[in-house]
Amino acid sequence: KYNKRYSEWRTFSNNDGATGSDPNRVGGPSNPLLRDGGLATMVSKGDNASTISKWQNRTSLDGKDKRLVDAFKEMGRMADLIALPQVIRDRANELYKQYLDKKSMRGQSSNGFMAASLFIACRQEKVPRTFKEISELAKASKKNDIGRCYKLMVKTLSIEDNSSDDYTFQNRFCANLGLPMNVSKTSIFISKQAVNLGLVSGSGKYLYCISTLFFQNNFQRNRRSSG
């Protein structure tokens with residue numbers, strides 16, 4: 001009998017003998033955010049295994065880990081709808097778990113905290129989305145509910161709210177509308193001056209920024225036509 005002493009590797013490529021194949025260790029990736037690292041055995045729900053699956057899954061995951069797994073899946077679904085990169089999904093998962101470790105969500109909307117986690121992760125990774133954009137992705141969560149959950153998470157996790165320095169969404173709006181870059185640059189300059197002078201603050205800043213985009217685009221268009 002011959003025993004192999006090296007690590008067990010497998011590859012799932014169409015042609016195992018193809019050059020450049022990337023073998024992977026057996027099993028799925030671990031998840032450090034779960035108590036068991038995400039390495040627990042899961043029994044599929046087949047016709048003859050429904051009872052075994054129910055009892056095995058009931059004992060393998062505690063209530064907290066099960067809520068985390070469900071939340072991670074839901075945040076992944078929302079991220080897929082707007083094609084957010086993996087780094088933002090991972091950050092949103094971390095934020096959600098950090099809040100769950102410190103505060104109980106009993107009696108509160110878990111969907112609101114999932115959406116708020118994604119909102120904060122987008123902002124921290126410099127690809128911000130508005131409350132309205134996130135609320136359109138979340139199930140049964142209104143914009144006001146997400147804003148309330150956002151404030152609770154910022155306070156509980158001591159997150160620095162740098163929203164007053166966040167103007168990157170204006171470049172995205174200009175790109176979607178096909179506006180020239182000088183319109184975005186000028187509107188950002190005007191918005192920053194208004195914030196520094198204390199003319200606008202909070203959620204009113206976003207409306208003011210959109211107004212400056214509209215004003216600057218019309219100004220540039222009129223100047224070109226008159227010239």
# chains A, B, ... in the order shown; residues from 1 in each chain; ligands from 1
call {"tool": "residues_around", "arguments": {"residues": "A:Thr212", "least_positions_apart": "4", "cutoff": "9 Å", "atoms": "only C-alpha atoms", "output": "PDB file with C-alpha atoms, in the first residue's frame"}}
result
ATOM      1  CA  THR A 186     -16.419  73.576 -11.641  1.00  0.00           C
ATOM      2  CA  SER A 187     -19.509  72.275  -9.837  1.00  0.00           C
ATOM      3  CA  ILE A 188     -17.320  70.512  -7.243  1.00  0.00           C
ATOM      4  CA  ILE A 190     -18.655  75.708  -6.177  1.00  0.00           C
ATOM      5  CA  SER A 191     -20.047  73.028  -3.834  1.00  0.00           C
ATOM      6  CA  LEU A 207     -29.267  68.533  -3.607  1.00  0.00           C
ATOM      7  CA  TYR A 208     -27.008  71.584  -3.792  1.00  0.00           C
ATOM      8  CA  GLN A 216     -22.892  74.881 -14.616  1.00  0.00           C
ATOM      9  CA  ASN A 217     -23.987  72.738 -17.565  1.00  0.00           C
TER      10      ASN A 217
END
call {"tool": "residues_around", "arguments": {"residues": "A:Met75", "least_positions_apart": "6", "cutoff": "8 Å", "atoms": "only C-alpha atoms", "output": "PyMOL selection string"}}
result
chain A and resi 89+92-93+114-115+118
call {"tool": "residues_around", "arguments": {"residues": "A:Asn144", "least_positions_apart": "4", "cutoff": "10 Å", "atoms": "only C-alpha atoms", "output": "ChimeraX atom specification"}}
result
/A:112,131-132,135,148-150
call {"tool": "residues_around", "arguments": {"residues": "A:Lys97", "least_positions_apart": "3", "cutoff": "8 Å", "atoms": "only C-alpha atoms", "output": "PyMOL selection string"}}
result
chain A and resi 33+68+93-94+100-101
call {"tool": "select_by_dssp", "arguments": {"residues": "stretch 81-208 of chain A", "states": "alpha helix (DSSP H)", "output": "VMD selection string"}}
result
chain A and resid 81 86 to 102 110 to 124 131 to 137 143 to 156 168 to 177 181 to 196 204 to 208
call {"tool": "atom_distance", "arguments": {"atom1": "atom CA of A:Gln170", "atom2": "atom CA of A:Leu152"}}
result
26.5 Å
call {"tool": "residues_around", "arguments": {"residues": "A:Glu74", "least_positions_apart": "2", "cutoff": "12 Å", "atoms": "only C-alpha atoms", "output": "list in words"}}
result
Arg67, Leu68, Val69, Asp70, Ala71, Phe72, Gly76, Arg77, Met78, Ala79, Asp80, Leu81, Arg89, Ala92, Asn93, Tyr96, Ser110, Asn111, Gly112, Phe113, Met114, Ala115, Ser117, Leu118, Leu137, Ala138 and Lys139 of chain A
call {"tool": "closest_residue", "arguments": {"among": "A:Thr130, A:Gln193, A:Thr156, A:Gln86", "to": "A:Lys103", "atoms": "only C-alpha atoms"}}
result
A:Thr156
call {"tool": "residues_around", "arguments": {"residues": "stretch 123-126 of chain A", "least_positions_apart": "4", "cutoff": "8 Å", "atoms": "only C-alpha atoms", "output": "PyMOL selection string"}}
result
chain A and resi 88+119+168
call {"tool": "write_last_selection", "arguments": {"atoms": "N, CA, C and O atoms", "output": "compact mmCIF listing (two decimals), in the first residue's frame"}}
result
# COMPACT_ATOMS: atom_id res chain seq x y z
N ILE A 88 -15.65 45.89 -1.54
CA ILE A 88 -16.75 46.59 -0.89
C ILE A 88 -17.67 45.60 -0.19
O ILE A 88 -18.15 45.84 0.92
N PHE A 119 -23.82 51.02 2.34
CA PHE A 119 -23.67 52.46 2.11
C PHE A 119 -22.34 52.96 2.67
O PHE A 119 -21.59 53.70 2.00
N THR A 168 -17.09 62.63 -5.02
CA THR A 168 -16.77 61.76 -6.14
C THR A 168 -18.02 61.34 -6.92
O THR A 168 -17.91 60.98 -8.09
